[in-house]
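work.cif follows (mmCIF, C-alpha atoms and all ligand atoms):
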data_protein
#
loop_
_atom_site.group_PDB
_atom_site.id
_atom_site.type_symbol
_atom_site.label_atom_id
_atom_site.label_comp_id
_atom_site.auth_asym_id
_atom_site.auth_seq_id
_atom_site.Cartn_x
_atom_site.Cartn_y
_atom_site.Cartn_z
ATOM 1 C CA MET A 1 -25.539 -20.358 -18.534
ATOM 2 C CA PRO A 2 -24.170 -18.348 -15.555
ATOM 3 C CA SER A 3 -26.700 -17.276 -12.933
ATOM 4 C CA PRO A 4 -27.508 -13.554 -12.497
ATOM 5 C CA ALA A 5 -25.908 -13.731 -9.044
ATOM 6 C CA SER A 6 -22.580 -14.993 -10.445
ATOM 7 C CA VAL A 7 -22.645 -12.367 -13.247
ATOM 8 C CA PHE A 8 -23.204 -9.700 -10.592
ATOM 9 C CA ARG A 9 -20.358 -11.092 -8.461
ATOM 10 C CA VAL A 10 -17.955 -11.005 -11.430
ATOM 11 C CA PHE A 11 -19.042 -7.459 -12.251
ATOM 12 C CA LEU A 12 -18.523 -6.375 -8.637
ATOM 13 C CA THR A 13 -15.061 -7.950 -8.461
ATOM 14 C CA ARG A 14 -13.966 -6.284 -11.706
ATOM 15 C CA TRP A 15 -15.451 -2.931 -10.721
ATOM 16 C CA ARG A 16 -13.663 -2.974 -7.357
ATOM 17 C CA SER A 17 -10.380 -3.774 -9.077
ATOM 18 C CA TYR A 18 -10.505 -0.569 -11.114
ATOM 19 C CA LYS A 19 -8.132 1.960 -9.653
ATOM 20 C CA TYR A 20 -10.057 4.620 -11.497
ATOM 21 C CA ARG A 21 -8.108 7.775 -12.141
ATOM 22 C CA PHE A 22 -10.973 10.150 -12.862
ATOM 23 C CA VAL A 23 -14.179 8.767 -11.415
ATOM 24 C CA PRO A 24 -17.046 10.223 -13.545
ATOM 25 C CA TRP A 25 -15.107 10.066 -16.823
ATOM 26 C CA VAL A 26 -14.106 6.451 -16.337
ATOM 27 C CA ALA A 27 -17.608 5.391 -15.354
ATOM 28 C CA LEU A 28 -19.032 6.817 -18.589
ATOM 29 C CA ASN A 29 -16.289 5.944 -21.056
ATOM 30 C CA VAL A 30 -14.640 2.686 -20.051
ATOM 31 C CA ALA A 31 -16.670 0.609 -22.518
ATOM 32 C CA ARG A 32 -15.800 2.847 -25.488
ATOM 33 C CA ASN A 33 -12.071 2.797 -24.733
ATOM 34 C CA ARG A 34 -11.587 -0.831 -23.754
ATOM 35 C CA ARG A 35 -8.535 -1.204 -26.019
ATOM 36 C CA THR A 36 -6.711 1.577 -24.150
ATOM 37 C CA LEU A 37 -6.991 -0.057 -20.706
ATOM 38 C CA ARG A 38 -3.659 -0.128 -18.884
ATOM 39 C CA HIS A 39 -2.964 -3.331 -16.944
ATOM 40 C CA VAL A 40 -0.858 -3.221 -13.783
ATOM 41 C CA PRO A 41 -0.067 -6.341 -11.690
ATOM 42 C CA ALA A 42 -1.470 -6.141 -8.140
ATOM 43 C CA GLY A 43 0.997 -4.741 -5.643
ATOM 44 C CA CYS A 44 3.117 -3.247 -8.435
ATOM 45 C CA CYS A 45 4.205 0.335 -7.901
ATOM 46 C CA ASP A 46 3.618 1.194 -11.610
ATOM 47 C CA LYS A 47 6.660 3.474 -11.989
ATOM 48 C CA VAL A 48 8.276 4.167 -15.336
ATOM 49 C CA ILE A 49 11.250 6.054 -13.874
ATOM 50 C CA ALA A 50 12.843 5.804 -10.431
ATOM 51 C CA ASP A 51 12.058 8.389 -7.723
ATOM 52 C CA ALA A 52 15.721 9.436 -7.796
ATOM 53 C CA GLU A 53 15.303 10.400 -11.467
ATOM 54 C CA VAL A 54 12.193 12.420 -10.635
ATOM 55 C CA CYS A 55 14.211 14.309 -8.010
ATOM 56 C CA SER A 56 17.119 14.844 -10.350
ATOM 57 C CA SER A 57 14.773 16.460 -12.901
ATOM 58 C CA LEU A 58 12.855 18.593 -10.431
ATOM 59 C CA VAL A 59 15.667 19.910 -8.228
ATOM 60 C CA PRO A 60 17.875 21.558 -10.914
ATOM 61 C CA PHE A 61 14.809 22.993 -12.662
ATOM 62 C CA PHE A 62 13.445 24.448 -9.411
ATOM 63 C CA GLN A 63 16.932 25.818 -8.648
ATOM 64 C CA HIS A 64 16.821 27.662 -11.982
ATOM 65 C CA LEU A 65 13.390 29.104 -11.114
ATOM 66 C CA PHE A 66 14.679 30.121 -7.672
ATOM 67 C CA THR A 67 17.834 31.748 -9.064
ATOM 68 C CA SER A 68 15.851 33.695 -11.647
ATOM 69 C CA ASP A 69 13.734 35.132 -8.828
ATOM 70 C CA ILE A 70 16.623 35.669 -6.421
ATOM 71 C CA THR A 71 15.892 39.298 -5.572
ATOM 72 C CA LYS A 72 12.452 38.311 -4.240
ATOM 73 C CA GLN A 73 13.982 35.387 -2.301
ATOM 74 C CA LYS A 74 16.248 37.627 -0.207
ATOM 75 C CA GLU A 75 14.324 37.243 3.065
ATOM 76 C CA LEU A 76 14.047 33.475 2.687
ATOM 77 C CA LEU A 77 17.729 33.148 1.767
ATOM 78 C CA SER A 78 18.749 35.024 4.903
ATOM 79 C CA LEU A 79 17.100 32.281 7.000
ATOM 80 C CA LEU A 80 18.887 29.416 5.256
ATOM 81 C CA PRO A 81 22.211 27.888 6.344
ATOM 82 C CA SER A 82 25.275 29.443 4.742
ATOM 83 C CA SER A 83 25.998 26.205 2.846
ATOM 84 C CA THR A 84 22.615 26.554 1.071
ATOM 85 C CA ARG A 85 23.068 30.307 0.490
ATOM 86 C CA ALA A 86 26.408 29.583 -1.170
ATOM 87 C CA MET A 87 24.599 27.560 -3.868
ATOM 88 C CA TYR A 88 22.812 30.653 -5.202
ATOM 89 C CA PRO A 89 23.996 34.034 -6.504
ATOM 90 C CA ALA A 90 23.817 36.923 -4.031
ATOM 91 C CA PRO A 91 20.423 38.681 -4.185
ATOM 92 C CA ASP A 92 22.223 41.994 -4.750
ATOM 93 C CA ALA A 93 23.724 40.843 -8.040
ATOM 94 C CA SER A 94 24.580 43.435 -10.637
ATOM 95 C CA HIS A 95 21.773 45.480 -12.177
ATOM 96 C CA GLN A 96 22.561 43.969 -15.586
ATOM 97 C CA GLN A 97 22.080 40.424 -14.268
ATOM 98 C CA GLN A 98 18.779 41.347 -12.608
ATOM 99 C CA CYS A 99 17.443 42.881 -15.849
ATOM 100 C CA LEU A 100 18.387 39.728 -17.746
ATOM 101 C CA GLN A 101 16.591 37.529 -15.217
ATOM 102 C CA ALA A 102 13.490 39.706 -15.233
ATOM 103 C CA THR A 103 13.039 39.275 -18.990
ATOM 104 C CA LEU A 104 12.971 35.467 -18.775
ATOM 105 C CA SER A 105 9.534 34.004 -18.185
ATOM 106 C CA ALA A 106 9.084 30.749 -16.260
ATOM 107 C CA ASN A 107 8.441 29.082 -19.632
ATOM 108 C CA ASP A 108 11.749 30.421 -21.009
ATOM 109 C CA ILE A 109 13.519 29.007 -17.951
ATOM 110 C CA MET A 110 11.790 25.676 -18.492
ATOM 111 C CA TYR A 111 12.943 25.601 -22.108
ATOM 112 C CA LYS A 112 16.519 26.524 -21.146
ATOM 113 C CA SER A 113 16.633 24.046 -18.277
ATOM 114 C CA LEU A 114 14.660 21.039 -19.583
ATOM 115 C CA GLY A 115 14.918 21.519 -23.360
ATOM 116 C CA PHE A 116 11.158 21.877 -23.844
ATOM 117 C CA SER A 117 8.217 23.890 -22.614
ATOM 118 C CA ILE A 118 4.540 22.986 -22.303
ATOM 119 C CA ASP A 119 1.413 25.140 -22.471
ATOM 120 C CA ARG A 120 -2.334 24.887 -22.170
ATOM 121 C CA GLN A 121 -4.209 25.362 -25.454
ATOM 122 C CA PRO A 122 -7.540 24.243 -26.928
ATOM 123 C CA SER A 123 -7.371 20.473 -27.375
ATOM 124 C CA SER A 124 -6.857 18.963 -30.820
ATOM 125 C CA LEU A 125 -9.849 16.701 -30.012
ATOM 126 C CA ASN A 126 -13.420 17.797 -30.568
ATOM 127 C CA ALA A 127 -15.263 18.842 -27.423
ATOM 128 C CA ALA A 128 -12.355 17.978 -25.137
ATOM 129 C CA GLY A 129 -11.874 21.528 -23.826
ATOM 130 C CA THR A 130 -8.334 22.523 -22.957
ATOM 131 C CA GLY A 131 -5.337 20.261 -23.457
ATOM 132 C CA VAL A 132 -1.582 20.468 -22.851
ATOM 133 C CA PHE A 133 0.883 20.795 -25.735
ATOM 134 C CA VAL A 134 4.650 20.783 -26.169
ATOM 135 C CA SER A 135 5.083 24.408 -27.236
ATOM 136 C CA ARG A 136 8.873 24.459 -27.712
ATOM 137 C CA GLY A 137 11.675 21.940 -27.979
ATOM 138 C CA PHE A 138 11.489 18.185 -27.699
ATOM 139 C CA VAL A 139 10.626 15.808 -24.834
ATOM 140 C CA PRO A 140 12.757 12.651 -24.809
ATOM 141 C CA LYS A 141 11.250 9.310 -23.775
ATOM 142 C CA GLY A 142 11.422 8.884 -19.978
ATOM 143 C CA ALA A 143 11.546 12.633 -19.237
ATOM 144 C CA LEU A 144 9.399 14.153 -16.509
ATOM 145 C CA VAL A 145 7.057 16.315 -18.575
ATOM 146 C CA SER A 146 4.440 17.684 -16.147
ATOM 147 C CA MET A 147 3.061 17.587 -12.596
ATOM 148 C CA TYR A 148 -0.510 17.027 -11.411
ATOM 149 C CA PRO A 149 -1.291 19.925 -9.048
ATOM 150 C CA GLY A 150 -3.865 20.044 -6.265
ATOM 151 C CA ALA A 151 -4.823 19.363 -2.672
ATOM 152 C CA VAL A 152 -3.958 15.864 -1.453
ATOM 153 C CA TYR A 153 -6.592 13.883 0.449
ATOM 154 C CA GLN A 154 -6.102 10.596 2.279
ATOM 155 C CA ASN A 155 -8.804 8.127 1.238
ATOM 156 C CA TYR A 156 -10.686 8.627 4.530
ATOM 157 C CA GLU A 157 -10.779 12.444 4.380
ATOM 158 C CA PRO A 158 -13.949 14.319 3.392
ATOM 159 C CA ILE A 159 -14.064 15.404 -0.255
ATOM 160 C CA PHE A 160 -17.786 15.106 -1.009
ATOM 161 C CA PHE A 161 -18.565 18.801 -1.666
ATOM 162 C CA GLN A 162 -15.328 19.398 -3.600
ATOM 163 C CA SER A 163 -16.055 16.363 -5.784
ATOM 164 C CA ILE A 164 -19.518 17.395 -7.025
ATOM 165 C CA GLY A 165 -19.291 17.888 -10.814
ATOM 166 C CA ASN A 166 -15.488 17.956 -10.529
ATOM 167 C CA PRO A 167 -13.636 16.155 -13.366
ATOM 168 C CA PHE A 168 -10.212 16.915 -11.856
ATOM 169 C CA ILE A 169 -10.114 14.431 -8.997
ATOM 170 C CA PHE A 170 -7.212 12.080 -9.570
ATOM 171 C CA ARG A 171 -7.050 8.774 -7.729
ATOM 172 C CA CYS A 172 -3.622 7.342 -6.909
ATOM 173 C CA LEU A 173 -3.083 3.581 -6.951
ATOM 174 C CA ASP A 174 -3.183 3.493 -3.125
ATOM 175 C CA GLY A 175 -6.451 5.454 -2.929
ATOM 176 C CA ILE A 176 -4.996 8.897 -2.126
ATOM 177 C CA LEU A 177 -6.943 11.579 -4.025
ATOM 178 C CA ILE A 178 -5.611 14.784 -5.609
ATOM 179 C CA ASP A 179 -8.091 17.554 -6.380
ATOM 180 C CA GLY A 180 -6.623 19.496 -9.335
ATOM 181 C CA ASN A 181 -9.618 21.779 -9.895
ATOM 182 C CA ASP A 182 -8.514 25.426 -10.166
ATOM 183 C CA LYS A 183 -11.997 26.837 -9.560
ATOM 184 C CA GLY A 184 -14.709 27.091 -6.901
ATOM 185 C CA ILE A 185 -14.496 25.417 -3.530
ATOM 186 C CA SER A 186 -11.424 23.362 -4.578
ATOM 187 C CA LYS A 187 -9.495 26.582 -5.238
ATOM 188 C CA SER A 188 -10.463 28.054 -1.847
ATOM 189 C CA VAL A 189 -9.495 24.845 -0.033
ATOM 190 C CA TYR A 190 -6.079 24.763 -1.739
ATOM 191 C CA ARG A 191 -5.348 28.435 -0.952
ATOM 192 C CA SER A 192 -6.388 28.063 2.647
ATOM 193 C CA CYS A 193 -4.227 24.921 3.177
ATOM 194 C CA SER A 194 -1.246 26.641 1.561
ATOM 195 C CA ARG A 195 -1.506 29.695 3.860
ATOM 196 C CA ARG A 196 -1.870 27.395 6.861
ATOM 197 C CA ASP A 197 1.452 25.681 6.018
ATOM 198 C CA GLN A 198 3.462 28.832 5.223
ATOM 199 C CA LEU A 199 6.142 29.768 7.774
ATOM 200 C CA GLY A 200 6.950 33.462 7.253
ATOM 201 C CA PRO A 201 8.756 33.753 3.886
ATOM 202 C CA LEU A 202 8.999 29.958 3.653
ATOM 203 C CA LYS A 203 6.215 28.706 1.376
ATOM 204 C CA MET A 204 5.642 24.964 1.464
ATOM 205 C CA CYS A 205 3.828 24.801 -1.889
ATOM 206 C CA ASP A 206 3.016 26.724 -5.067
ATOM 207 C CA CYS A 207 -0.395 28.398 -5.362
ATOM 208 C CA THR A 208 0.175 29.930 -8.772
ATOM 209 C CA TRP A 209 -1.019 26.849 -10.697
ATOM 210 C CA LEU A 210 -4.465 28.274 -9.816
ATOM 211 C CA THR A 211 -3.728 31.177 -12.178
ATOM 212 C CA SER A 212 -3.050 31.366 -15.911
ATOM 213 C CA ILE A 213 0.693 31.991 -15.327
ATOM 214 C CA PRO A 214 2.066 29.367 -12.930
ATOM 215 C CA HIS A 215 5.506 30.024 -11.379
ATOM 216 C CA ASN A 216 6.209 26.341 -11.962
ATOM 217 C CA PRO A 217 5.060 25.759 -15.563
ATOM 218 C CA LEU A 218 5.110 21.974 -15.057
ATOM 219 C CA GLY A 219 1.995 22.319 -12.882
ATOM 220 C CA VAL A 220 -0.624 21.967 -15.634
ATOM 221 C CA GLY A 221 -0.924 18.153 -15.684
ATOM 222 C CA GLN A 222 -4.572 18.283 -14.637
ATOM 223 C CA TYR A 223 -5.391 19.553 -18.155
ATOM 224 C CA VAL A 224 -3.871 16.549 -19.956
ATOM 225 C CA ASN A 225 -6.649 14.748 -21.834
ATOM 226 C CA ASN A 226 -7.318 11.038 -22.079
ATOM 227 C CA CYS A 227 -6.008 8.905 -24.933
ATOM 228 C CA SER A 228 -8.426 7.039 -27.188
ATOM 229 C CA ASN A 229 -8.388 4.178 -29.659
ATOM 230 C CA GLU A 230 -7.185 6.707 -32.278
ATOM 231 C CA ARG A 231 -4.761 8.798 -30.157
ATOM 232 C CA ALA A 232 -2.374 6.663 -28.110
ATOM 233 C CA ALA A 233 -1.071 7.803 -24.730
ATOM 234 C CA ASN A 234 2.315 9.531 -24.923
ATOM 235 C CA VAL A 235 2.608 10.228 -21.164
ATOM 236 C CA CYS A 236 1.695 8.302 -18.032
ATOM 237 C CA TYR A 237 1.058 9.182 -14.411
ATOM 238 C CA GLN A 238 3.432 8.166 -11.674
ATOM 239 C CA GLU A 239 3.166 8.701 -7.919
ATOM 240 C CA PHE A 240 6.081 10.495 -6.264
ATOM 241 C CA ASP A 241 6.456 11.023 -2.507
ATOM 242 C CA VAL A 242 8.574 14.096 -1.772
ATOM 243 C CA PRO A 243 11.526 12.927 0.358
ATOM 244 C CA ASP A 244 12.566 14.718 3.584
ATOM 245 C CA SER A 245 15.838 15.591 1.866
ATOM 246 C CA PHE A 246 14.054 17.741 -0.751
ATOM 247 C CA PRO A 247 15.524 21.288 -0.450
ATOM 248 C CA VAL A 248 13.283 23.383 1.767
ATOM 249 C CA GLU A 249 13.753 26.551 -0.320
ATOM 250 C CA LEU A 250 12.426 24.715 -3.409
ATOM 251 C CA ARG A 251 9.196 23.455 -1.823
ATOM 252 C CA GLN A 252 7.560 26.716 -2.929
ATOM 253 C CA TYR A 253 7.442 25.224 -6.467
ATOM 254 C CA ILE A 254 5.616 22.021 -5.523
ATOM 255 C CA PRO A 255 2.021 22.387 -6.720
ATOM 256 C CA ASN A 256 0.567 20.125 -4.008
ATOM 257 C CA VAL A 257 -0.505 20.621 -0.418
ATOM 258 C CA ARG A 258 -1.949 18.282 2.200
ATOM 259 C CA TYR A 259 -5.640 18.807 2.939
ATOM 260 C CA ALA A 260 -5.135 17.814 6.594
ATOM 261 C CA HIS A 261 -2.157 19.323 8.421
ATOM 262 C CA ASP A 262 -1.707 16.422 10.842
ATOM 263 C CA VAL A 263 -1.037 13.665 8.303
ATOM 264 C CA GLU A 264 2.288 11.929 8.930
ATOM 265 C CA GLY A 265 4.685 10.925 6.161
ATOM 266 C CA PRO A 266 5.881 12.483 2.925
ATOM 267 C CA LEU A 267 3.772 14.697 0.672
ATOM 268 C CA ARG A 268 2.251 12.837 -2.277
ATOM 269 C CA CYS A 269 2.778 14.275 -5.755
ATOM 270 C CA VAL A 270 1.957 12.846 -9.162
ATOM 271 C CA VAL A 271 4.232 13.450 -12.135
ATOM 272 C CA LEU A 272 3.676 12.712 -15.818
ATOM 273 C CA VAL A 273 6.447 10.889 -17.654
ATOM 274 C CA ALA A 274 6.944 10.698 -21.445
ATOM 275 C CA LEU A 275 6.296 7.194 -22.838
ATOM 276 C CA ARG A 276 8.037 8.069 -26.112
ATOM 277 C CA ASP A 277 9.828 11.029 -27.702
ATOM 278 C CA ILE A 278 7.313 13.880 -28.021
ATOM 279 C CA HIS A 279 7.833 16.630 -30.570
ATOM 280 C CA CYS A 280 7.002 20.321 -30.591
ATOM 281 C CA GLY A 281 3.302 20.936 -31.368
ATOM 282 C CA GLU A 282 2.100 17.532 -30.129
ATOM 283 C CA GLU A 283 -0.682 17.315 -27.555
ATOM 284 C CA LEU A 284 -0.055 15.230 -24.423
ATOM 285 C CA PHE A 285 -2.395 12.276 -23.870
ATOM 286 C CA SER A 286 -2.419 10.153 -20.731
ATOM 287 C CA ASN A 287 -4.375 7.041 -19.834
ATOM 288 C CA TYR A 288 -7.195 7.573 -17.347
ATOM 289 C CA PHE A 289 -7.915 3.819 -17.196
ATOM 290 C CA THR A 290 -5.721 1.589 -15.079
ATOM 291 C CA LEU A 291 -6.794 -1.939 -14.250
ATOM 292 C CA VAL A 292 -5.012 -3.478 -11.243
ATOM 293 C CA GLN A 293 -4.966 -7.272 -11.718
HETATM 294 C C1 LIG B 1 -9.007 16.118 -16.076
HETATM 295 S S1 LIG B 1 -10.042 16.972 -17.164
HETATM 296 C C2 LIG B 1 -8.983 17.372 -18.495
HETATM 297 C C3 LIG B 1 -9.080 18.849 -18.856
HETATM 298 C C4 LIG B 1 -10.272 19.217 -19.698
HETATM 299 N N1 LIG B 1 -9.970 18.987 -21.089
HETATM 300 C C5 LIG B 1 -10.688 20.657 -19.487
HETATM 301 O O1 LIG B 1 -10.637 21.467 -20.403
HETATM 302 O O2 LIG B 1 -11.091 20.980 -18.369
HETATM 303 C C6 LIG B 1 -10.995 15.615 -17.697
HETATM 304 C C7 LIG B 1 -12.117 16.004 -18.616
HETATM 305 O O3 LIG B 1 -11.602 16.336 -19.913
HETATM 306 C C8 LIG B 1 -12.449 15.856 -20.923
HETATM 307 N N2 LIG B 1 -11.711 14.869 -21.729
HETATM 308 C C9 LIG B 1 -10.560 14.263 -21.401
HETATM 309 N N3 LIG B 1 -10.144 13.456 -22.383
HETATM 310 C C10 LIG B 1 -11.052 13.538 -23.374
HETATM 311 C C11 LIG B 1 -11.191 12.912 -24.658
HETATM 312 N N4 LIG B 1 -10.289 12.048 -25.120
HETATM 313 N N5 LIG B 1 -12.264 13.248 -25.413
HETATM 314 C C12 LIG B 1 -13.197 14.121 -24.959
HETATM 315 N N6 LIG B 1 -13.114 14.742 -23.749
HETATM 316 C C13 LIG B 1 -12.065 14.448 -22.965
HETATM 317 C C14 LIG B 1 -13.649 15.202 -20.225
HETATM 318 O O4 LIG B 1 -14.653 16.181 -20.131
HETATM 319 C C15 LIG B 1 -13.099 14.867 -18.855
HETATM 320 O O5 LIG B 1 -14.104 14.847 -17.865
#

In structure tokens, what does this structure look like?
Ligand SMILES: C[S@@+](CC[C@H](N)C(=O)[O-])C[C@H]1O[C@@H](n2cnc3c(N)ncnc32)[C@H](O)[C@@H]1O
Amino acid sequence: MPSPASVFRVFLTRWRSYKYRFVPWVALNVARNRRTLRHVPAGCCDKVIADAEVCSSLVPFFQHLFTSDITKQKELLSLLPSSTRAMYPAPDASHQQQCLQATLSANDIMYKSLGFSIDRQPSSLNAAGTGVFVSRGFVPKGALVSMYPGAVYQNYEPIFFQSIGNPFIFRCLDGILIDGNDKGISKSVYRSCSRRDQLGPLKMCDCTWLTSIPHNPLGVGQYVNNCSNERAANVCYQEFDVPDSFPVELRQYIPNVRYAHDVEGPLRCVVLVALRDIHCGEELFSNYFTLVQ
């Protein structure tokens, strides 16, 4: 019969090994969803697709968003090197072209560019609030399907007040936290950090995920619900550090900002990747439980 002290030690070791994605939810529900636990070997980077693939999905899609908004990007374009300007149509394109662009919503552009679009709708699960659905097209296995927006905190930065009653705090495998709450103090913090980092017309992140019509429609990953024993995960989270080479004019579509301005190194993002083909009308389910062994 093991002693209470050894039982406690085992419990403590296992608890510390949880790289819990959403703290309050995991604490309450881990026992009920034991079969859905995701096991990751210690030190493993837990990536389903390579960072280069993430970039090669994001960059052309963001270029489409940028091109469709080219008349509003005139001032920014004028500051860019001529080699970058040459990649986009002139802002004074014909009236006909501008009218065509104005009628396409960001979701239409997503559908044209990626072959699917996603939307927030009431979840198909009882009492699970809002969820994210494939609203048009088809998501092939391995495709980048969404992004987890929010302010990025290093594990030593203060997040106590933002975290009270907040189910949107995502924990990366290395302890970095992303606050994807679009309300209250979290919203104010995000807006204030984004204004701090803006250089004239050059925006370093997207703020519109805080509204009901995001400019980058991928930025709704914080609303993806957890899988269960009955509903298997069809997407998974993956950390992505934005490389220095990422085009500066496209940073305005990244739905993440650093909480502290003086943190060195690349900006942390989290993307959601399809684990299987996902069809139109299906709800996205991720796995909030990751056990690092
Ligand atoms: C990151 S949020 C997801 C968005 C949430 N559905 C909403 O409408 O705000 C996490 C919260 O969603 C709810 N949730 C997520 N998965 C669920 C599930 N499988 N069943 C019931 N509620 C769920 C829980 O309230 C959890 O704290």

- Message: For the PyMOL selection byres (((not hetatm)) within 8 of (chain B and resi 1)), applied here, can you spell out every residue it catches as a list of chain:residue names?
- Response: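 Given this file, the PyMOL selection byres (((not hetatm)) within 8 of (chain B and resi 1)) evaluates to A:Phe22, A:Pro24, A:Trp25, A:Pro122, A:Ser123, A:Leu125, A:Asn126, A:Ala127, A:Ala128, A:Gly129, A:Thr130, A:Gly131, A:Pro167, A:Phe168, A:Ile169, A:Phe170, A:Gly180, A:Gln222, A:Tyr223, A:Val224, A:Asn225, A:Asn226, A:Cys227, A:Ser228, A:Phe285.
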
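Minimum atom-to-atom distance to Gly142 of chain A, evaluated using all atoms listed in the file, belongs to A:Val273 out of A:Val273, A:Arg171, A:Ser194, A:Ser186.
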
Long-range neighbours of segment 259-265 of chain A as a PDB file with C-alpha atoms, in the coordinates of the input, 6 Å cut-off, all atoms listed in the file, 3 positions minimum in chain:
ATOM      1  CA  ALA A 151      -4.823  19.363  -2.672  1.00  0.00           C
ATOM      2  CA  VAL A 152      -3.958  15.864  -1.453  1.00  0.00           C
ATOM      3  CA  TYR A 153      -6.592  13.883   0.449  1.00  0.00           C
TER       4      TYR A 153
END

- Message: Give me the residues near segment 51-54 of chain A as a PyMOL selection string, where near means some atom within 8 Å (using all atoms listed in the file) and where sequence neighbours in that chain fewer than 4 positions away do not count.
- Response: chain A and resi 58+144+240

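Here atom CA of Asp182 of chain A stands at a distance of 7.6 Å from atom CA of Trp209 of chain A.
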
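For the file shown, the residue list from the PyMOL selection byres (((chain A and resi 279) around 12) and not hetatm) reads Gly115, Phe116, Ser117, Ile118, Phe133, Val134, Ser135, Arg136, Gly137, Phe138, Val139, Pro140, Lys141, Asn234, Ala274, Arg276, Asp277, Ile278, Cys280, Gly281, Glu282, Glu283 and Leu284 of chain A.
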
- Query: Can you tell me how far atom CA of Thr208 of chain A sits from atom CA of Gln121 of chain A, in Å to one decimal?
  - Reply: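 If I compute the distance from atom CA of Thr208 of chain A to atom CA of Gln121 of chain A, I get 17.8 Å.
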
- Task: For the file shown, report as number ranges by chain the outcome of the PyMOL selection byres (((chain A and resi 66-76) around 10) and not hetatm) at residue level.
- Result: A: 60-65, 77-80, 85, 87-93, 97-98, 100-106, 109, 200-203, 215, 249-250, 252-253

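Among A:Leu199, A:Met204, A:Gly165, A:Cys193, the residue with the shortest atom-to-atom distance to Pro247 of chain A, counting only C-alpha atoms, is A:Met204.
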
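Closest to Ile254 of chain A among A:Pro158, A:Gly221, A:Gly184, A:Pro149 is A:Pro149, based on all atoms listed in the file.
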
- Item | Atomic separation - atom CA of Leu272 of chain A relative to atom CA of Thr211 of chain A, Å | 20.2 Å

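With all atoms listed in the file as the basis for measurement, A:Gly219 is the residue among A:Pro2, A:Gly219, A:Gly175, A:Pro214 that approaches Asn256 of chain A most closely.
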
- Query: Which neighbours of Gly150 of chain A fall inside 8 Å, counting all atoms listed in the file, when residues of the same chain fewer than 6 positions from it are skipped, and could you give them as a ChimeraX atom specification?
  - Reply: /A:178-181,190,255-257

Output segment 48-61 of chain A as a compact mmCIF listing (two decimals), in the frame of the given file, making sure N, CA and C atoms are there.
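Writing done, so here's selection19.txt:
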# COMPACT_ATOMS: atom_id res chain seq x y z
N VAL A 48 7.51 4.25 -14.09
CA VAL A 48 8.28 4.17 -15.34
C VAL A 48 9.71 4.62 -15.10
N ILE A 49 9.89 5.64 -14.24
CA ILE A 49 11.25 6.05 -13.87
C ILE A 49 11.38 6.03 -12.35
N ALA A 50 12.61 5.89 -11.88
CA ALA A 50 12.84 5.80 -10.43
C ALA A 50 12.61 7.16 -9.77
N ASP A 51 12.27 7.14 -8.47
CA ASP A 51 12.06 8.39 -7.72
C ASP A 51 13.30 9.28 -7.77
N ALA A 52 14.48 8.65 -7.76
CA ALA A 52 15.72 9.44 -7.80
C ALA A 52 15.80 10.25 -9.10
N GLU A 53 15.31 9.68 -10.18
CA GLU A 53 15.30 10.40 -11.47
C GLU A 53 14.31 11.56 -11.43
N VAL A 54 13.18 11.33 -10.76
CA VAL A 54 12.19 12.42 -10.64
C VAL A 54 12.85 13.59 -9.90
N CYS A 55 13.53 13.26 -8.79
CA CYS A 55 14.21 14.31 -8.01
C CYS A 55 15.28 14.99 -8.85
N SER A 56 16.02 14.20 -9.62
CA SER A 56 17.12 14.84 -10.35
C SER A 56 16.63 15.64 -11.56
N SER A 57 15.34 15.53 -11.91
CA SER A 57 14.77 16.46 -12.90
C SER A 57 14.25 17.71 -12.20
N LEU A 58 13.54 17.47 -11.08
CA LEU A 58 12.86 18.59 -10.43
C LEU A 58 13.84 19.56 -9.77
N VAL A 59 14.82 19.02 -9.04
CA VAL A 59 15.67 19.91 -8.23
C VAL A 59 16.42 20.94 -9.08
N PRO A 60 17.16 20.53 -10.14
CA PRO A 60 17.88 21.56 -10.91
C PRO A 60 16.93 22.56 -11.59
N PHE A 61 15.77 22.07 -12.03
CA PHE A 61 14.81 22.99 -12.66
C PHE A 61 14.29 24.01 -11.63
